[in-house]
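Have a look at my_file-v9.pdb below; it lists PDB, C-alpha atoms.
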```
ATOM      1  CA  ASP A   2      13.925 -13.843 -13.020
ATOM      2  CA  ALA A   3      12.394 -17.306 -13.125
ATOM      3  CA  LYS A   4       8.686 -17.609 -13.881
ATOM      4  CA  THR A   5       6.265 -19.069 -11.384
ATOM      5  CA  THR A   6       3.053 -21.039 -11.866
ATOM      6  CA  GLN A   7       0.287 -21.038  -9.270
ATOM      7  CA  PRO A   8      -3.304 -22.280  -9.270
ATOM      8  CA  THR A   9      -5.763 -19.500 -10.002
ATOM      9  CA  SER A  10      -7.891 -20.126  -6.932
ATOM     10  CA  MET A  11      -8.224 -22.356  -3.871
ATOM     11  CA  ASP A  12     -10.653 -22.829  -1.020
ATOM     12  CA  CYS A  13      -9.869 -23.719   2.567
ATOM     13  CA  ALA A  14     -12.084 -24.292   5.588
ATOM     14  CA  GLU A  15     -11.478 -22.042   8.569
ATOM     15  CA  GLY A  16      -9.184 -23.659  11.121
ATOM     16  CA  ARG A  17      -7.646 -26.048   8.613
ATOM     17  CA  ALA A  18      -4.206 -25.762   7.070
ATOM     18  CA  ALA A  19      -4.016 -23.962   3.740
ATOM     19  CA  ASN A  20      -1.339 -25.376   1.432
ATOM     20  CA  LEU A  21      -0.571 -23.125  -1.522
ATOM     21  CA  PRO A  22       1.670 -24.659  -4.215
ATOM     22  CA  CYS A  23       4.033 -22.875  -6.570
ATOM     23  CA  ASN A  24       6.109 -24.206  -9.452
ATOM     24  CA  HIS A  25       9.364 -22.462 -10.390
ATOM     25  CA  SER A  26      11.151 -25.058 -12.491
ATOM     26  CA  THR A  27      13.570 -22.546 -14.088
ATOM     27  CA  ILE A  28      14.829 -21.115 -10.799
ATOM     28  CA  SER A  29      18.587 -20.546 -10.645
ATOM     29  CA  GLY A  30      20.947 -21.029  -7.753
ATOM     30  CA  ASN A  31      20.988 -17.475  -6.441
ATOM     31  CA  GLU A  32      17.263 -16.793  -6.696
ATOM     32  CA  TYR A  33      15.084 -16.612  -3.612
ATOM     33  CA  VAL A  34      11.431 -17.674  -3.351
ATOM     34  CA  TYR A  35       9.235 -14.982  -1.833
ATOM     35  CA  TRP A  36       5.597 -15.086  -0.801
ATOM     36  CA  TYR A  37       3.416 -12.024  -0.498
ATOM     37  CA  ARG A  38      -0.320 -11.648  -0.132
ATOM     38  CA  GLN A  39      -2.748  -8.881  -0.961
ATOM     39  CA  ILE A  40      -5.930  -8.533   1.015
ATOM     40  CA  HIS A  41      -8.634  -6.632  -0.820
ATOM     41  CA  SER A  42      -7.946  -2.882  -1.046
ATOM     42  CA  GLN A  43      -4.651  -3.136   0.819
ATOM     43  CA  GLY A  44      -1.015  -3.110  -0.196
ATOM     44  CA  PRO A  45       0.888  -6.384  -0.642
ATOM     45  CA  GLN A  46       2.061  -7.878   2.632
ATOM     46  CA  TYR A  47       5.332  -9.768   2.971
ATOM     47  CA  ILE A  48       4.859 -13.288   4.363
ATOM     48  CA  ILE A  49       8.074 -15.263   4.105
ATOM     49  CA  HIS A  50      11.045 -16.014   1.870
ATOM     50  CA  GLY A  51      13.672 -18.719   1.485
ATOM     51  CA  LEU A  52      16.570 -19.907  -0.634
ATOM     52  CA  LYS A  53      17.062 -23.637  -0.027
ATOM     53  CA  ASN A  54      15.965 -24.555   3.462
ATOM     54  CA  ASN A  55      12.451 -24.707   4.800
ATOM     55  CA  GLU A  56      11.497 -21.591   6.729
ATOM     56  CA  THR A  57       8.930 -20.808   9.395
ATOM     57  CA  ASN A  58       7.797 -17.567  10.975
ATOM     58  CA  GLU A  59       4.789 -16.403  12.942
ATOM     59  CA  MET A  60       2.648 -16.204   9.810
ATOM     60  CA  ALA A  61       3.478 -19.282   7.786
ATOM     61  CA  SER A  62       5.866 -22.052   6.788
ATOM     62  CA  LEU A  63       7.658 -22.346   3.479
ATOM     63  CA  ILE A  64       8.593 -25.778   2.193
ATOM     64  CA  ILE A  65      11.031 -25.818  -0.738
ATOM     65  CA  THR A  66      11.710 -29.081  -2.554
ATOM     66  CA  GLU A  67      15.259 -30.357  -2.660
ATOM     67  CA  ASP A  68      15.613 -29.565  -6.364
ATOM     68  CA  ARG A  69      14.109 -26.112  -5.670
ATOM     69  CA  LYS A  70      11.722 -26.443  -8.591
ATOM     70  CA  SER A  71       8.646 -26.027  -6.456
ATOM     71  CA  SER A  72       7.541 -24.791  -3.066
ATOM     72  CA  THR A  73       4.504 -24.764  -0.807
ATOM     73  CA  LEU A  74       3.307 -22.016   1.483
ATOM     74  CA  ILE A  75       1.506 -23.388   4.531
ATOM     75  CA  LEU A  76      -0.859 -21.342   6.670
ATOM     76  CA  PRO A  77      -1.254 -23.765   9.600
ATOM     77  CA  HIS A  78      -4.657 -22.634  10.881
ATOM     78  CA  ALA A  79      -6.404 -20.505   8.275
ATOM     79  CA  THR A  80      -8.781 -17.791   9.444
ATOM     80  CA  LEU A  81     -11.301 -15.715   7.506
ATOM     81  CA  ARG A  82      -8.774 -12.866   7.577
ATOM     82  CA  ASP A  83      -6.400 -14.974   5.482
ATOM     83  CA  THR A  84      -8.698 -14.617   2.458
ATOM     84  CA  ALA A  85      -6.443 -12.851  -0.055
ATOM     85  CA  VAL A  86      -4.473 -13.212  -3.267
ATOM     86  CA  TYR A  87      -1.182 -15.006  -2.584
ATOM     87  CA  TYR A  88       1.814 -14.329  -4.812
ATOM     88  CA  CYS A  89       4.792 -16.624  -5.200
ATOM     89  CA  ILE A  90       7.736 -14.645  -6.579
ATOM     90  CA  VAL A  91      11.222 -15.706  -7.551
ATOM     91  CA  ARG A  92      13.638 -12.858  -7.115
ATOM     92  CA  GLY A  93      17.263 -12.534  -7.911
ATOM     93  CA  SER A  94      18.158 -10.598 -11.010
ATOM     94  CA  ILE A  95      20.431  -7.627 -10.572
ATOM     95  CA  ASP A  96      19.214  -6.466 -13.987
ATOM     96  CA  SER A  97      15.812  -5.889 -12.480
ATOM     97  CA  GLY A  98      17.302  -4.093  -9.498
ATOM     98  CA  TYR A  99      15.831  -6.909  -7.457
ATOM     99  CA  ALA A 100      12.297  -5.622  -8.083
ATOM    100  CA  LEU A 101       9.404  -7.947  -7.375
ATOM    101  CA  ASN A 102       7.702  -9.376 -10.469
ATOM    102  CA  PHE A 103       4.146 -10.134  -9.417
ATOM    103  CA  GLY A 104       2.178 -12.663 -11.457
ATOM    104  CA  LYS A 105      -1.514 -13.430 -11.153
ATOM    105  CA  GLY A 106      -1.235 -15.240  -7.832
ATOM    106  CA  THR A 107      -3.647 -17.636  -6.152
ATOM    107  CA  SER A 108      -6.919 -16.295  -4.835
ATOM    108  CA  LEU A 109      -7.463 -18.073  -1.516
ATOM    109  CA  LEU A 110     -10.954 -18.115  -0.060
ATOM    110  CA  VAL A 111     -11.244 -19.213   3.563
ATOM    111  CA  THR A 112     -14.780 -20.323   4.362
ATOM    112  CA  PRO A 113     -16.527 -20.629   7.744
TER     113      PRO A 113
ATOM    114  CA  ASP B  15       2.519   3.412  13.658
ATOM    115  CA  THR B  16       2.289   3.156   9.883
ATOM    116  CA  ALA B  17       5.561   1.904   8.404
ATOM    117  CA  VAL B  18       4.997   3.051   4.805
ATOM    118  CA  SER B  19       2.424   5.793   4.374
ATOM    119  CA  GLN B  20       1.088   7.289   1.178
ATOM    120  CA  THR B  21      -0.966  10.419   0.656
ATOM    121  CA  PRO B  22      -3.509  10.908  -0.621
ATOM    122  CA  LYS B  23      -5.350   7.599  -0.408
ATOM    123  CA  TYR B  24      -7.759   8.646  -3.162
ATOM    124  CA  LEU B  25      -7.096  11.091  -5.978
ATOM    125  CA  VAL B  26      -9.748  12.020  -8.530
ATOM    126  CA  THR B  27      -8.733  14.534 -11.158
ATOM    127  CA  GLN B  28      -9.222  15.536 -14.764
ATOM    128  CA  MET B  29      -7.214  14.606 -17.796
ATOM    129  CA  GLY B  30      -4.346  16.991 -18.450
ATOM    130  CA  ASN B  31      -3.792  17.964 -14.827
ATOM    131  CA  ASP B  32      -0.518  17.565 -12.903
ATOM    132  CA  LYS B  33      -0.597  15.738  -9.577
ATOM    133  CA  SER B  34       1.760  14.397  -6.931
ATOM    134  CA  ILE B  35       1.611  11.397  -4.618
ATOM    135  CA  LYS B  36       3.733  11.394  -1.487
ATOM    136  CA  CYS B  37       5.354   8.437   0.234
ATOM    137  CA  GLU B  38       7.138   8.284   3.550
ATOM    138  CA  GLN B  39       8.635   5.344   5.426
ATOM    139  CA  ASN B  40       9.684   5.309   9.073
ATOM    140  CA  LEU B  41      11.517   1.978   8.946
ATOM    141  CA  GLY B  42      14.973   3.457   8.404
ATOM    142  CA  HIS B  43      15.178   1.743   5.019
ATOM    143  CA  ASP B  44      17.397   3.109   2.286
ATOM    144  CA  THR B  45      15.614   1.691  -0.765
ATOM    145  CA  MET B  46      12.166   2.780  -1.954
ATOM    146  CA  TYR B  47       9.955   1.754  -4.860
ATOM    147  CA  TRP B  48       6.884   2.745  -6.818
ATOM    148  CA  TYR B  49       4.614   0.060  -8.264
ATOM    149  CA  LYS B  50       1.479   0.411 -10.415
ATOM    150  CA  GLN B  51      -1.501  -1.947 -10.200
ATOM    151  CA  ASP B  52      -3.776  -1.683 -13.215
ATOM    152  CA  SER B  53      -7.435  -2.584 -13.612
ATOM    153  CA  LYS B  54      -6.515  -6.211 -14.297
ATOM    154  CA  LYS B  55      -4.760  -6.276 -10.910
ATOM    155  CA  PHE B  56      -1.240  -6.786 -12.274
ATOM    156  CA  LEU B  57       1.397  -5.145 -10.081
ATOM    157  CA  LYS B  58       4.409  -3.778 -11.948
ATOM    158  CA  ILE B  59       7.534  -1.975 -10.820
ATOM    159  CA  MET B  60       7.912   1.595 -12.026
ATOM    160  CA  PHE B  61      10.896   3.039 -10.155
ATOM    161  CA  SER B  62      13.374   2.161  -7.464
ATOM    162  CA  TYR B  63      15.653   4.467  -5.509
ATOM    163  CA  ASN B  64      18.546   3.503  -3.272
ATOM    164  CA  ASN B  65      19.999   6.187  -1.022
ATOM    165  CA  LYS B  66      18.213   8.813  -3.127
ATOM    166  CA  GLU B  67      19.744   7.465  -6.359
ATOM    167  CA  LEU B  68      17.606   6.034  -9.156
ATOM    168  CA  ILE B  69      18.363   2.339  -9.780
ATOM    169  CA  ILE B  70      15.308   1.179 -11.762
ATOM    170  CA  ASN B  71      13.249   3.008 -14.344
ATOM    171  CA  GLU B  72      10.999   0.506 -16.060
ATOM    172  CA  THR B  73      10.201   2.285 -19.348
ATOM    173  CA  VAL B  74       7.737   4.554 -17.640
ATOM    174  CA  PRO B  75       6.650   7.621 -19.678
ATOM    175  CA  ASN B  76       8.670  10.680 -18.768
ATOM    176  CA  ARG B  77       5.455  12.335 -17.590
ATOM    177  CA  PHE B  78       6.173  10.375 -14.399
ATOM    178  CA  SER B  79       8.990  11.856 -12.354
ATOM    179  CA  PRO B  80       9.993  10.428  -8.977
ATOM    180  CA  LYS B  81      11.720  12.661  -6.484
ATOM    181  CA  SER B  82      13.556  11.558  -3.366
ATOM    182  CA  PRO B  83      14.351  14.529  -1.105
ATOM    183  CA  ASP B  84      15.797  12.173   1.518
ATOM    184  CA  LYS B  85      16.007   8.443   2.210
ATOM    185  CA  ALA B  86      12.658   8.385   4.006
ATOM    186  CA  HIS B  87      10.645   9.939   1.171
ATOM    187  CA  LEU B  88       9.957   9.049  -2.443
ATOM    188  CA  ASN B  89       7.326  11.196  -4.112
ATOM    189  CA  LEU B  90       5.785  10.621  -7.515
ATOM    190  CA  HIS B  91       4.866  13.552  -9.724
ATOM    191  CA  ILE B  92       2.731  12.987 -12.805
ATOM    192  CA  ASN B  93       2.355  15.591 -15.553
ATOM    193  CA  SER B  94      -0.424  15.821 -18.118
ATOM    194  CA  LEU B  95      -2.494  12.996 -16.680
ATOM    195  CA  GLU B  96      -4.083  10.590 -19.175
ATOM    196  CA  LEU B  97      -7.027   8.215 -18.851
ATOM    197  CA  GLY B  98      -4.640   5.253 -18.894
ATOM    198  CA  ASP B  99      -2.944   6.514 -15.735
ATOM    199  CA  SER B 100      -5.978   5.440 -13.707
ATOM    200  CA  ALA B 101      -4.670   2.752 -11.386
ATOM    201  CA  VAL B 102      -3.598   2.075  -7.821
ATOM    202  CA  TYR B 103      -0.052   3.229  -7.092
ATOM    203  CA  PHE B 104       1.882   1.521  -4.300
ATOM    204  CA  CYS B 105       4.994   2.726  -2.577
ATOM    205  CA  ALA B 106       7.329   0.220  -0.911
ATOM    206  CA  SER B 107      10.619   0.201   0.947
ATOM    207  CA  SER B 108      13.330  -2.280   1.886
ATOM    208  CA  GLN B 109      16.620  -2.328   3.751
ATOM    209  CA  GLY B 110      18.877  -2.307   0.711
ATOM    210  CA  TYR B 111      17.880  -3.903  -2.587
ATOM    211  CA  GLY B 112      19.639  -7.224  -2.179
ATOM    212  CA  VAL B 113      17.729 -10.391  -2.963
ATOM    213  CA  GLY B 114      17.314 -11.303   0.698
ATOM    214  CA  GLN B 115      15.549  -8.072   1.629
ATOM    215  CA  PRO B 116      11.725  -8.127   1.830
ATOM    216  CA  GLN B 117       9.795  -5.093   0.683
ATOM    217  CA  HIS B 118       7.143  -3.402   2.818
ATOM    218  CA  PHE B 119       4.243  -1.750   1.042
ATOM    219  CA  GLY B 120       1.937   1.163   1.734
ATOM    220  CA  ASP B 121      -1.815   0.875   1.288
ATOM    221  CA  GLY B 122      -1.868   2.517  -2.116
ATOM    222  CA  THR B 123      -3.158   5.655  -3.791
ATOM    223  CA  ARG B 124      -6.216   5.137  -5.976
ATOM    224  CA  LEU B 125      -5.913   7.510  -8.917
ATOM    225  CA  SER B 126      -8.972   8.083 -11.099
ATOM    226  CA  ILE B 127      -8.796  10.249 -14.201
ATOM    227  CA  LEU B 128     -12.066  11.744 -15.424
TER     228      LEU B 128
END
```
Could the structure of this file be written out as structure tokens, please?
Amino acid sequence: DAKTTQPTSMDCAEGRAANLPCNHSTISGNEYVYWYRQIHSQGPQYIIHGLKNNETNEMASLIITEDRKSSTLILPHATLRDTAVYYCIVRGSIDSGYALNFGKGTSLLVTP
Amino acid sequence: DTAVSQTPKYLVTQMGNDKSIKCEQNLGHDTMYWYKQDSKKFLKIMFSYNNKELIINETVPNRFSPKSPDKAHLNLHINSLELGDSAVYFCASSQGYGVGQPQHFGDGTRLSIL
């Protein structure tokens, strides 16, 4: 699976959009980009995933660049409850049984 | 209505003991996983089962033995517990193990070895 690079930490003011970047320059054509988050003391929570096109659901939007080498997760109106570690994961290897390879993620702090 | 539930939530035991962690999902999924999150917070896959068949075993010591009595359950039995087994263990499930299938996680079992 392709590696991902994310900033270690970010801050965002409550009510503003949180834009979390992720680089995955070695991504291959059949690999998806997934985003999960882990709120303290809870299990990882699925947010969104995409292959080529931008995606939006009730939680967030995912913007994938045309060359697919990077993506951005957008939380449109961050709340204090969005404080968590956000993981960008590229997934696609049948050798791994399609398991999720979690990196260090971005620790997002939403402030009042 | 908890989708993926693990029991117990906390497990404190002594070195050398044998213990089990249970996982159940009510999502109708046919693929289940066990992950381990160590003290440095890295989450790593341990096992994956699809329709009760093992599809991933990530070089986990054979003291760890998963058991899937049916598609809705994947239990983890650990023999001869060691200090290094202290971690948070997460169960997850997905509808198949294809790349387009998101995984849903339980809230973890915090295992502490004295």
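Shortest atom-to-atom contact with chain A among B:Gly120, B:Gly30, B:Gly42, B:Pro80: B:Gly120, counting all atoms listed in the file.
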For the interface of chain B with chain A (cut-off 12 Å, counting all atoms listed in the file), please tabulate each contacting residue of chain B alongside its nearest pair of atoms and their separation in Å to one decimal, rows sorted by chain and increasing number, as CSV.
```
residue,atom,partner,partner_atom,distance
B:Ala17,CA,A:Gln46,CA,11.9
B:Val18,CA,A:Gly44,CA,10.0
B:Ser19,CA,A:Gly44,CA,10.6
B:Gln20,CA,A:Gly44,CA,10.7
B:Lys23,CA,A:Ser42,CA,10.8
B:Tyr24,CA,A:Ser42,CA,11.7
B:Thr45,CA,A:Gly98,CA,10.6
B:Met46,CA,A:Ala100,CA,10.4
B:Tyr47,CA,A:Ala100,CA,8.4
B:Trp48,CA,A:Ala100,CA,10.0
B:Tyr49,CA,A:Leu101,CA,9.4
B:Lys50,CA,A:Phe103,CA,10.9
B:Gln51,CA,A:Phe103,CA,10.0
B:Lys54,CA,A:Lys105,CA,9.3
B:Lys55,CA,A:Lys105,CA,7.9
B:Phe56,CA,A:Lys105,CA,6.7
B:Leu57,CA,A:Phe103,CA,5.7
B:Lys58,CA,A:Asn102,CA,6.7
B:Ile59,CA,A:Ala100,CA,6.6
B:Met60,CA,A:Ala100,CA,9.3
B:Phe61,CA,A:Ala100,CA,9.0
B:Ser62,CA,A:Gly98,CA,7.7
B:Tyr63,CA,A:Gly98,CA,9.6
B:Asn64,CA,A:Gly98,CA,9.9
B:Leu68,CA,A:Gly98,CA,10.1
B:Ile69,CA,A:Gly98,CA,6.5
B:Ile70,CA,A:Gly98,CA,6.1
B:Asn71,CA,A:Ser97,CA,9.4
B:Glu72,CA,A:Ser97,CA,8.8
B:Val102,CA,A:Ser42,CA,9.5
B:Tyr103,CA,A:Gly44,CA,9.4
B:Phe104,CA,A:Gly44,CA,6.8
B:Cys105,CA,A:Gly44,CA,8.7
B:Ala106,CA,A:Gly44,CA,9.0
B:Ser107,CA,A:Ala100,CA,10.9
B:Ser108,CA,A:Ala100,CA,10.6
B:Gly110,CA,A:Tyr99,CA,9.9
B:Tyr111,CA,A:Tyr99,CA,6.1
B:Gly112,CA,A:Tyr99,CA,6.5
B:Val113,CA,A:Gly93,CA,5.4
B:Gly114,CA,A:Tyr33,CA,7.2
B:Gln115,CA,A:His50,CA,9.1
B:Pro116,CA,A:Tyr47,CA,6.7
B:Gln117,CA,A:Tyr47,CA,6.9
B:His118,CA,A:Tyr47,CA,6.6
B:Phe119,CA,A:Gly44,CA,5.6
B:Gly120,CA,A:Gly44,CA,5.5
B:Asp121,CA,A:Gly44,CA,4.3
B:Gly122,CA,A:Gly44,CA,6.0
B:Thr123,CA,A:Gly44,CA,9.7
B:Arg124,CA,A:Ser42,CA,9.6
```
message = Restricting the calculation to only C-alpha atoms: of B:Thr21, B:Ser82, B:Val26, B:Asp52, which residue gets closest to Ile127 of chain B?
response = B:Val26
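The residues returned by the PyMOL selection byres ((chain B and resi 77) around 12) for this structure are Gly30, Asn31, Asp32, Lys33, Ser34, Thr73, Val74, Pro75, Asn76, Phe78, Ser79, Pro80, Leu90, His91, Ile92, Asn93, Ser94, Leu95, Glu96 and Asp99 of chain B.
Atom to atom, atom CA of Val86 of chain A and atom CA of Cys13 of chain A stand 13.2 Å apart.
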Nearest candidate to Ile90 of chain A (options A:Leu110, A:Leu74, A:Ala18, A:Met11; using all atoms listed in the file) = A:Leu74
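The two atoms in question, atom CA of Asn55 of chain A and atom CA of Cys23 of chain A, are spaced 14.3 Å apart.
Note that atom CA of Glu67 of chain A and atom CA of Leu21 of chain A are 17.4 Å apart.
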task = Place a sphere of radius 7 Å on (5.9, -21.1, 5.3) in the file coordinates and name every protein, DNA or RNA residue with an atom inside or on its surface, counting only C-alpha atoms; give the answer as an NGL selection string.
result = :A and (49 or 56-58 or 61-64 or 74-76)
ask   = Near Val111 of chain A, within 8 Å and counting only C-alpha atoms, which residues show up once chain neighbours fewer than 5 positions away are dropped, as a PyMOL selection string?
value = chain A and resi 12-15+79-84
note = The residue from A:Asn24, A:Ile65, A:Ala19, A:Lys70 with the smallest atom-to-atom distance to Gln7 of chain A, counting all atoms listed in the file, is A:Asn24
Would you give the centre and edge lengths, in Å to one decimal, of a box along x, y and z around the listed atoms of segment 66-83 of chain A, with 6 Å added to each side, as JSON?
```
{"center_x": 2.2, "center_y": -21.6, "center_z": 1.1, "size_x": 38.9, "size_y": 29.5, "size_z": 31.5}
```
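Taking all atoms listed in the file into account, Leu88 of chain B lies nearest to B:Glu38 out of the set B:Thr27, B:Glu38, B:Ala101, B:Pro22.
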